[in-house]
Amino acid sequence: MQIREIKAMRGPNYWSIRRNKLIVMVLDLEELEQQPTNKIPGFLERLKALFPGMFEHRCSVGCPGGFFQRVEEGTWMGHVIEHIALEIQTLAGMDVGFGRTRTYGEEGVYFVVFNYIEAKVGRYAAKASVRIAEALISGEAYDLEADIQEMRVIRERERLGPSTSSLIREAQSRGIPWMRLNRYSLCQLGYGTNQKRIQATVTSQTSSIGVELACDKEDTKHLLEQNEVPVPKGDVIRTERGLREVIEDIGYPLVIKPINGNHGRGITTNIQNEEEALTAFAAAKNVSRSIIVEKYITGDDYRLLVINYKLVAAALRTPASVTGDGQSTIQALIDKINEDPRRGYGHENVLTEITVDEMTLKILAEEKLTLESILDKDRLLFLKDTANLSTGGTAEDVTDVVHPFNIFMAERIAKIIGLDICGIDVMTSDITKPLPDTHGAVLEVNAAPGFRMHLAPTKGLPRNVAAPVIDMLYPNNENSRIPIVAITGTNGKTTTTRLVAHIARMKGKKVGYTTSDGVYIQNRLLMEGDCTGPVSAEFVLKDPTVDYAVLECARGGLLRAGLAFKKCDVAIVTNVSADHLGLKGIHTVEQLAKVKGVIPETVMPGGYAILNADDDLVFEMYRNLQEGVHLVLFSMDENNPRIQRHMKRGGLSAIYENGYITILKGEWKIRVSKTINVPLTYGGKAPFMIQNVLPSVLASYVQGFSIEDIRVAIESFIPSPSQTPGRLNLFQFKNFKILLDYAHNAAGFRALQKFVENMEGSPKIGIVAGIGDRRKEDNINIGKVAAEMFDEVIIRQDKNLRGKTEQELIDMILVGIKEVDPNKKVTIIPSEKEAITYAIKQAPKGALIIVSSDVVPDALNLVMQFKEEEANELYDMGID
């Protein structure tokens, strides 16, 4: 078997709108295509032995054992690998269950699709599942546990922590979108100007001074002492001499901790003598130059969590410990505790496994014990110095019994330090009594406190402590989104995107938009190239200056990773025709329509799906719209039966009628503008441009823009290299004209042909090229249309041959030309620059040269260079 490619979907995609996290593996079974599972001796038995849990896989049979039944009857290895990939992720603590295996369109080649929790784990599972299947086929032994552990390690390295995850889940439950901004815990909530950021439990609103104070334990203690908050007596030292001076002053027992430490690193408690103190001093020095030495306060360890200056949770924390039974060794007691299903590796469960580390061994040595010692019955032995859950500690929720004075004190401390989210560590014998009455003390104030102990305490009531954070960031359900207009189709989507963005910009919006030419933020080009995928869309949605997004969405990004957004406000589908077929498993125009159909399926309830009523495949997309989405249609024909039915139902649509761009609201007509007044339509001579204007007008209208504002905007949008680069850019030279357009498929050329037929100019000279990632018949069709359109054809070549040779592509175009007109004048000049230069230098008077460009900026720059040279020559001759 051979893995051709593995892609990780991360948004709505061709395979599923709802399940965004999918691995899509293209797998060539090679000779195994002829060997279904029932023809491989012993395969089922070996599969059952390695994966007994697969009995729960129901598969298409629909009952437990269903998958094993399919294997027994005979199924193909791609299907088996799908199930293995799901099972090994589940065994590694990531419960997944969705999978599909479908033909790729080539014999023996399949899409193997399954969901994941962490993308890198999913990719690992894809490769591992193939290795496992090969071992099962050959009957070789396989170390499954090594794969399971490696996936756990990858998950812990890649996943968001429990605190961050809880905030993301709470945001998602409220419909707030989010994006991860780095490989750690920095995340963005919301889009554009409405975004907020979180990093663990620090937010974009958290005071940096407050964080600095909390990280400096000396300053924190000083501020608290000044404000009559009870804190342990102690001092900050840097040397052993300073340590001895503090010991003389405050005596034992002591706590020694680094001044800038966190998560319990370098902290030693209950120090009883100088030897222990020197060892603890050395451990703290490994973390920080300055060391805090404090009186060790006895009592229980409590964490008070304050969010937005209100106490929201409190927990009694207990370090990892075992209780003797008089028979078991300490190691056996630890192993028994770790059998608790609530405990797991890292953060996979609500509790963490207890591991034996240097701290544990040190404590045992101090107690003159080893892991093989048998602990006396009922003797409690703490295995860690700190009560952190990440080291195996436990937590009991005590929120409801905290004394009002302690609540007041905690909220006051948050204000003193200036932290909107803080964890306050308190040592006291009884949290139900005021802290001064128990001679307790505030030990620390923590920025970015962990939420895990409150979200899933070992004992007591779980607290949704993420909710008050989101309430603080978005009070009163404040809007977190910005309007998103998503645009797709085979042809016209870039022009439509630019026009929608122009209308919004004229209305005063700060627009970010993506196109096949680049990404624009407030009309400034910030990224160049084909920017129609999810990375470019995220670029716009991450920008804090953008309050309106217009996103061109092409097939490539949808198949490569899915959409960058889960919901949009408005979706436009311009048309669907044969283009890029035969690539990435998309072989038919119906499959292509399913890819494009992802966009309208993501419209949120109350939003608008704007579909081309003249295109059967586009119109049928209405069947998959979510409930509550408004269907809006556009058509070049006011008598289109679909438009007529939609009108009678009171629907909204736009049509081209009597020379007008017209909105239909039910059966009422609202004329927006005459097409002769809309520069983009070239006086109404470019029908395909009128077709681009119709959905653009509708998208603006449904967003609440007035007819007057829309009219002014479309009448001021002038086709030019700056407004619409490579889209019907017309250059008038002294003796000839050049029209530059991005037409790159047969449908695009057909639309261009109708426009060119209405243009003056003779002879008509076309510069065209074959495209390497198109089917042979697609390139032949381009040749046919070129032969019909032009009096003379110049065949050039794209910069990127995309898998075919230069001669192959030239021959395909020639075949199409010769089928239409064997005597057509044809010139072959592979270089685009040389082809354009030749056409300009040899242009007969009155000629119209049509350039179908591959790299639009290069072609534009070259034509404008010739235009500037001609202008200079005319100026020198005294001609304006």
# chains A, B, ... in the order shown; residues from 1 in each chain; ligands from 1
>>> residues_around(residues="A:Glu87", least_positions_apart="6", cutoff="9 Å", atoms="only C-alpha atoms", output="MDAnalysis selection string")
chainID A and resid 51 53:54 57 95:97
>>> residues_around(residues="A:Val426", least_positions_apart="2", cutoff="10 Å", atoms="only C-alpha atoms", output="PyMOL selection string")
chain A and resi 230-231+297+299-304+316+406+410+423-424+428-429+431+435+440-445
>>> residues_around(residues="stretch 32-47 of chain A", least_positions_apart="6", cutoff="10 Å", atoms="only C-alpha atoms", output="VMD selection string")
chain A and resid 1 54 68 to 80 84 107 to 109 132 to 133 135 to 141
>>> closest_residue(among="A:Val236, A:Cys63, A:Met472, A:Ile148", to="A:Met94", atoms="only C-alpha atoms")
A:Ile148
>>> residues_around(residues="A:Ile484", least_positions_apart="4", cutoff="9 Å", atoms="only C-alpha atoms", output="PyMOL selection string")
chain A and resi 548-551+567-571
>>> residues_around(residues="A:Ala537", least_positions_apart="3", cutoff="9 Å", atoms="only C-alpha atoms", output="list in words")
Tyr513, Thr514, Val519, Cys531, Thr532, Gly533, Pro534, Val540, Leu541, Lys542, Ala549, Val550, Leu551, Glu552, Cys553, Leu563, Ala564 and Phe565 of chain A
>>> select_by_dssp(residues="stretch 559-667 of chain A", states="helix (DSSP H, G or I)", output="number ranges by chain")
A: 559-560, 589-596, 598-601, 616-624, 641-648
>>> write_last_selection(atoms="N, CA, C and O atoms", output="CSV table (one decimal), in the first residue's frame")
chain,number,residue,atom,x,y,z
A,559,LEU,N,-10.7,21.8,-0.5
A,559,LEU,CA,-10.2,20.4,-0.5
A,559,LEU,C,-8.9,20.2,0.3
A,559,LEU,O,-8.6,19.1,0.8
A,560,ARG,N,-8.1,21.3,0.5
A,560,ARG,CA,-6.9,21.2,1.2
A,560,ARG,C,-7.1,21.2,2.7
A,560,ARG,O,-6.4,20.5,3.4
A,589,VAL,N,-18.5,17.5,-12.8
A,589,VAL,CA,-19.0,18.8,-12.5
A,589,VAL,C,-19.9,18.7,-11.3
A,589,VAL,O,-20.0,19.7,-10.5
A,590,GLU,N,-20.6,17.6,-11.1
A,590,GLU,CA,-21.5,17.4,-10.0
A,590,GLU,C,-20.7,17.4,-8.7
A,590,GLU,O,-21.1,17.9,-7.6
A,591,GLN,N,-19.5,16.7,-8.7
A,591,GLN,CA,-18.7,16.7,-7.5
A,591,GLN,C,-18.1,18.1,-7.2
A,591,GLN,O,-18.0,18.5,-6.1
A,592,LEU,N,-17.8,18.8,-8.3
A,592,LEU,CA,-17.3,20.2,-8.1
A,592,LEU,C,-18.4,21.0,-7.5
A,592,LEU,O,-18.1,21.9,-6.6
A,593,ALA,N,-19.6,20.8,-7.9
A,593,ALA,CA,-20.7,21.6,-7.3
A,593,ALA,C,-20.9,21.3,-5.8
A,593,ALA,O,-21.2,22.2,-5.0
A,594,LYS,N,-20.6,20.0,-5.4
A,594,LYS,CA,-20.7,19.7,-4.0
A,594,LYS,C,-19.6,20.4,-3.2
A,594,LYS,O,-19.8,20.9,-2.1
A,595,VAL,N,-18.4,20.6,-3.8
A,595,VAL,CA,-17.3,21.3,-3.2
A,595,VAL,C,-17.8,22.8,-3.0
A,595,VAL,O,-17.7,23.3,-1.9
A,596,LYS,N,-18.3,23.4,-4.1
A,596,LYS,CA,-18.7,24.8,-4.0
A,596,LYS,C,-19.9,25.0,-3.0
A,596,LYS,O,-20.1,26.0,-2.4
A,598,VAL,N,-20.4,23.8,-0.2
A,598,VAL,CA,-20.0,23.9,1.2
A,598,VAL,C,-20.3,25.4,1.7
A,598,VAL,O,-20.7,25.6,2.8
A,599,ILE,N,-20.0,26.3,0.8
A,599,ILE,CA,-20.2,27.7,1.2
A,599,ILE,C,-21.6,28.1,1.6
A,599,ILE,O,-21.8,28.6,2.8
A,600,PRO,N,-22.6,27.9,0.8
A,600,PRO,CA,-24.0,28.2,1.3
A,600,PRO,C,-24.4,27.4,2.4
A,600,PRO,O,-25.3,27.8,3.2
A,601,GLU,N,-23.9,26.2,2.6
A,601,GLU,CA,-24.3,25.4,3.7
A,601,GLU,C,-23.7,25.9,5.1
A,601,GLU,O,-24.2,25.5,6.1
A,616,ASP,N,-28.3,25.3,-13.1
A,616,ASP,CA,-29.0,24.2,-12.4
A,616,ASP,C,-28.3,23.7,-11.2
A,616,ASP,O,-28.9,23.4,-10.1
A,617,LEU,N,-27.0,23.5,-11.3
A,617,LEU,CA,-26.2,22.9,-10.2
A,617,LEU,C,-26.2,23.9,-9.0
A,617,LEU,O,-26.2,23.5,-7.8
A,618,VAL,N,-26.1,25.2,-9.3
A,618,VAL,CA,-26.1,26.2,-8.2
A,618,VAL,C,-27.4,26.3,-7.5
A,618,VAL,O,-27.6,26.3,-6.3
A,619,PHE,N,-28.5,26.3,-8.3
A,619,PHE,CA,-29.8,26.5,-7.8
A,619,PHE,C,-30.2,25.3,-6.9
A,619,PHE,O,-30.8,25.5,-5.8
A,620,GLU,N,-29.7,24.1,-7.2
A,620,GLU,CA,-30.1,22.9,-6.4
A,620,GLU,C,-29.4,23.0,-5.0
A,620,GLU,O,-29.8,22.2,-4.1
A,621,MET,N,-28.4,23.9,-4.8
A,621,MET,CA,-27.8,24.0,-3.5
A,621,MET,C,-28.8,24.4,-2.4
A,621,MET,O,-28.5,24.3,-1.2
A,622,TYR,N,-29.9,25.0,-2.8
A,622,TYR,CA,-30.9,25.5,-1.8
A,622,TYR,C,-31.4,24.3,-1.0
A,622,TYR,O,-31.8,24.5,0.2
A,623,ARG,N,-31.3,23.1,-1.5
A,623,ARG,CA,-31.9,21.9,-0.8
A,623,ARG,C,-31.1,21.6,0.5
A,623,ARG,O,-31.6,21.0,1.4
A,624,ASN,N,-29.8,22.0,0.5
A,624,ASN,CA,-28.9,21.7,1.7
A,624,ASN,C,-28.7,22.9,2.6
A,624,ASN,O,-27.9,22.8,3.5
A,641,PRO,N,-38.4,30.7,-14.7
A,641,PRO,CA,-39.5,30.1,-13.9
A,641,PRO,C,-39.1,30.1,-12.4
A,641,PRO,O,-40.0,30.2,-11.5
A,642,ARG,N,-37.9,29.9,-12.1
A,642,ARG,CA,-37.5,29.8,-10.7
A,642,ARG,C,-37.6,31.2,-10.0
A,642,ARG,O,-38.1,31.3,-8.9
A,643,ILE,N,-37.3,32.2,-10.8
A,643,ILE,CA,-37.5,33.6,-10.3
A,643,ILE,C,-38.9,33.9,-10.1
A,643,ILE,O,-39.4,34.5,-9.1
A,644,GLN,N,-39.7,33.4,-11.1
A,644,GLN,CA,-41.2,33.7,-11.0
A,644,GLN,C,-41.8,33.0,-9.8
A,644,GLN,O,-42.6,33.7,-9.1
A,645,ARG,N,-41.4,31.8,-9.5
A,645,ARG,CA,-42.0,31.1,-8.3
A,645,ARG,C,-41.5,31.8,-7.0
A,645,ARG,O,-42.2,32.0,-6.1
A,646,HIS,N,-40.2,32.2,-7.0
A,646,HIS,CA,-39.6,32.8,-5.8
A,646,HIS,C,-40.3,34.2,-5.6
A,646,HIS,O,-40.6,34.5,-4.4
A,647,MET,N,-40.7,34.9,-6.6
A,647,MET,CA,-41.4,36.2,-6.5
A,647,MET,C,-42.7,35.9,-5.8
A,647,MET,O,-43.1,36.7,-4.9
A,648,LYS,N,-43.5,34.9,-6.3
A,648,LYS,CA,-44.8,34.7,-5.8
A,648,LYS,C,-44.8,34.3,-4.3
A,648,LYS,O,-45.8,34.4,-3.6
>>> residues_around(residues="A:Arg498", least_positions_apart="4", cutoff="9 Å", atoms="only C-alpha atoms", output="PyMOL selection string")
chain A and resi 493-494+502-503+513-515+550+723-724
>>> write_last_selection(atoms="N, CA, C and O atoms", output="mmCIF file, in the first residue's frame")
data_model
loop_
_atom_site.group_PDB
_atom_site.id
_atom_site.type_symbol
_atom_site.label_atom_id
_atom_site.label_comp_id
_atom_site.auth_asym_id
_atom_site.auth_seq_id
_atom_site.Cartn_x
_atom_site.Cartn_y
_atom_site.Cartn_z
ATOM 1 N N LYS A 493 -15.919 35.059 -9.425
ATOM 2 C CA LYS A 493 -15.913 35.270 -7.963
ATOM 3 C C LYS A 493 -14.968 36.393 -7.525
ATOM 4 O O LYS A 493 -15.260 37.112 -6.577
ATOM 5 N N THR A 494 -13.826 36.566 -8.221
ATOM 6 C CA THR A 494 -12.904 37.631 -7.816
ATOM 7 C C THR A 494 -13.522 39.007 -8.059
ATOM 8 O O THR A 494 -13.459 39.895 -7.196
ATOM 9 N N HIS A 502 -16.006 46.923 -2.450
ATOM 10 C CA HIS A 502 -16.077 48.338 -2.819
ATOM 11 C C HIS A 502 -17.354 48.983 -2.270
ATOM 12 O O HIS A 502 -17.317 50.089 -1.719
ATOM 13 N N ILE A 503 -18.464 48.291 -2.414
ATOM 14 C CA ILE A 503 -19.739 48.830 -1.910
ATOM 15 C C ILE A 503 -19.660 49.034 -0.393
ATOM 16 O O ILE A 503 -20.068 50.077 0.130
ATOM 17 N N TYR A 513 -10.487 41.843 2.458
ATOM 18 C CA TYR A 513 -11.005 40.877 1.474
ATOM 19 C C TYR A 513 -9.887 40.066 0.847
ATOM 20 O O TYR A 513 -8.738 40.515 0.745
ATOM 21 N N THR A 514 -10.239 38.849 0.458
ATOM 22 C CA THR A 514 -9.288 37.927 -0.158
ATOM 23 C C THR A 514 -9.696 37.678 -1.598
ATOM 24 O O THR A 514 -10.883 37.593 -1.917
ATOM 25 N N THR A 515 -8.690 37.556 -2.481
ATOM 26 C CA THR A 515 -8.946 37.291 -3.891
ATOM 27 C C THR A 515 -7.853 36.372 -4.436
ATOM 28 O O THR A 515 -6.882 36.065 -3.741
ATOM 29 N N VAL A 550 -14.902 40.167 3.277
ATOM 30 C CA VAL A 550 -15.409 39.623 2.027
ATOM 31 C C VAL A 550 -14.374 38.607 1.553
ATOM 32 O O VAL A 550 -13.230 38.975 1.251
ATOM 33 N N GLN A 723 -8.603 48.503 -9.789
ATOM 34 C CA GLN A 723 -9.866 48.036 -9.211
ATOM 35 C C GLN A 723 -10.120 46.563 -9.521
ATOM 36 O O GLN A 723 -10.556 45.805 -8.657
ATOM 37 N N THR A 724 -9.875 46.159 -10.774
ATOM 38 C CA THR A 724 -10.160 44.785 -11.206
ATOM 39 C C THR A 724 -8.988 44.254 -12.026
ATOM 40 O O THR A 724 -9.111 44.035 -13.225
#
>>> residues_around(residues="A:Val629", least_positions_apart="5", cutoff="6 Å", atoms="only C-alpha atoms", output="ChimeraX atom specification")
/A:605-608
>>> write_last_selection(atoms="N, CA and C atoms", output="mmCIF file, in the first residue's frame")
data_model
loop_
_atom_site.group_PDB
_atom_site.id
_atom_site.type_symbol
_atom_site.label_atom_id
_atom_site.label_comp_id
_atom_site.auth_asym_id
_atom_site.auth_seq_id
_atom_site.Cartn_x
_atom_site.Cartn_y
_atom_site.Cartn_z
ATOM 1 N N PRO A 605 -28.196 30.634 10.571
ATOM 2 C CA PRO A 605 -29.624 30.928 10.569
ATOM 3 C C PRO A 605 -29.857 32.437 10.630
ATOM 4 N N GLY A 606 -30.757 32.909 9.781
ATOM 5 C CA GLY A 606 -30.998 34.341 9.675
ATOM 6 C C GLY A 606 -30.157 35.002 8.612
ATOM 7 N N GLY A 607 -29.161 34.260 8.074
ATOM 8 C CA GLY A 607 -28.312 34.792 7.015
ATOM 9 C C GLY A 607 -28.903 34.535 5.643
ATOM 10 N N TYR A 608 -28.110 34.798 4.602
ATOM 11 C CA TYR A 608 -28.624 34.775 3.234
ATOM 12 C C TYR A 608 -27.713 33.968 2.312
#
>>> closest_residue(among="A:Ile771, A:Ala751, A:Leu862, A:Ile271", to="A:Glu806", atoms="only C-alpha atoms")
A:Ile771
>>> closest_residue(among="A:Leu633, A:Ala85, A:Glu156, A:Ala613", to="A:Ala125", atoms="only C-alpha atoms")
A:Ala85
>>> atom_distance(atom1="atom CA of A:Val211", atom2="atom CA of A:Asp420")
9.8 Å
>>> atom_distance(atom1="atom CA of A:Glu5", atom2="atom CA of A:Val26")
5.4 Å
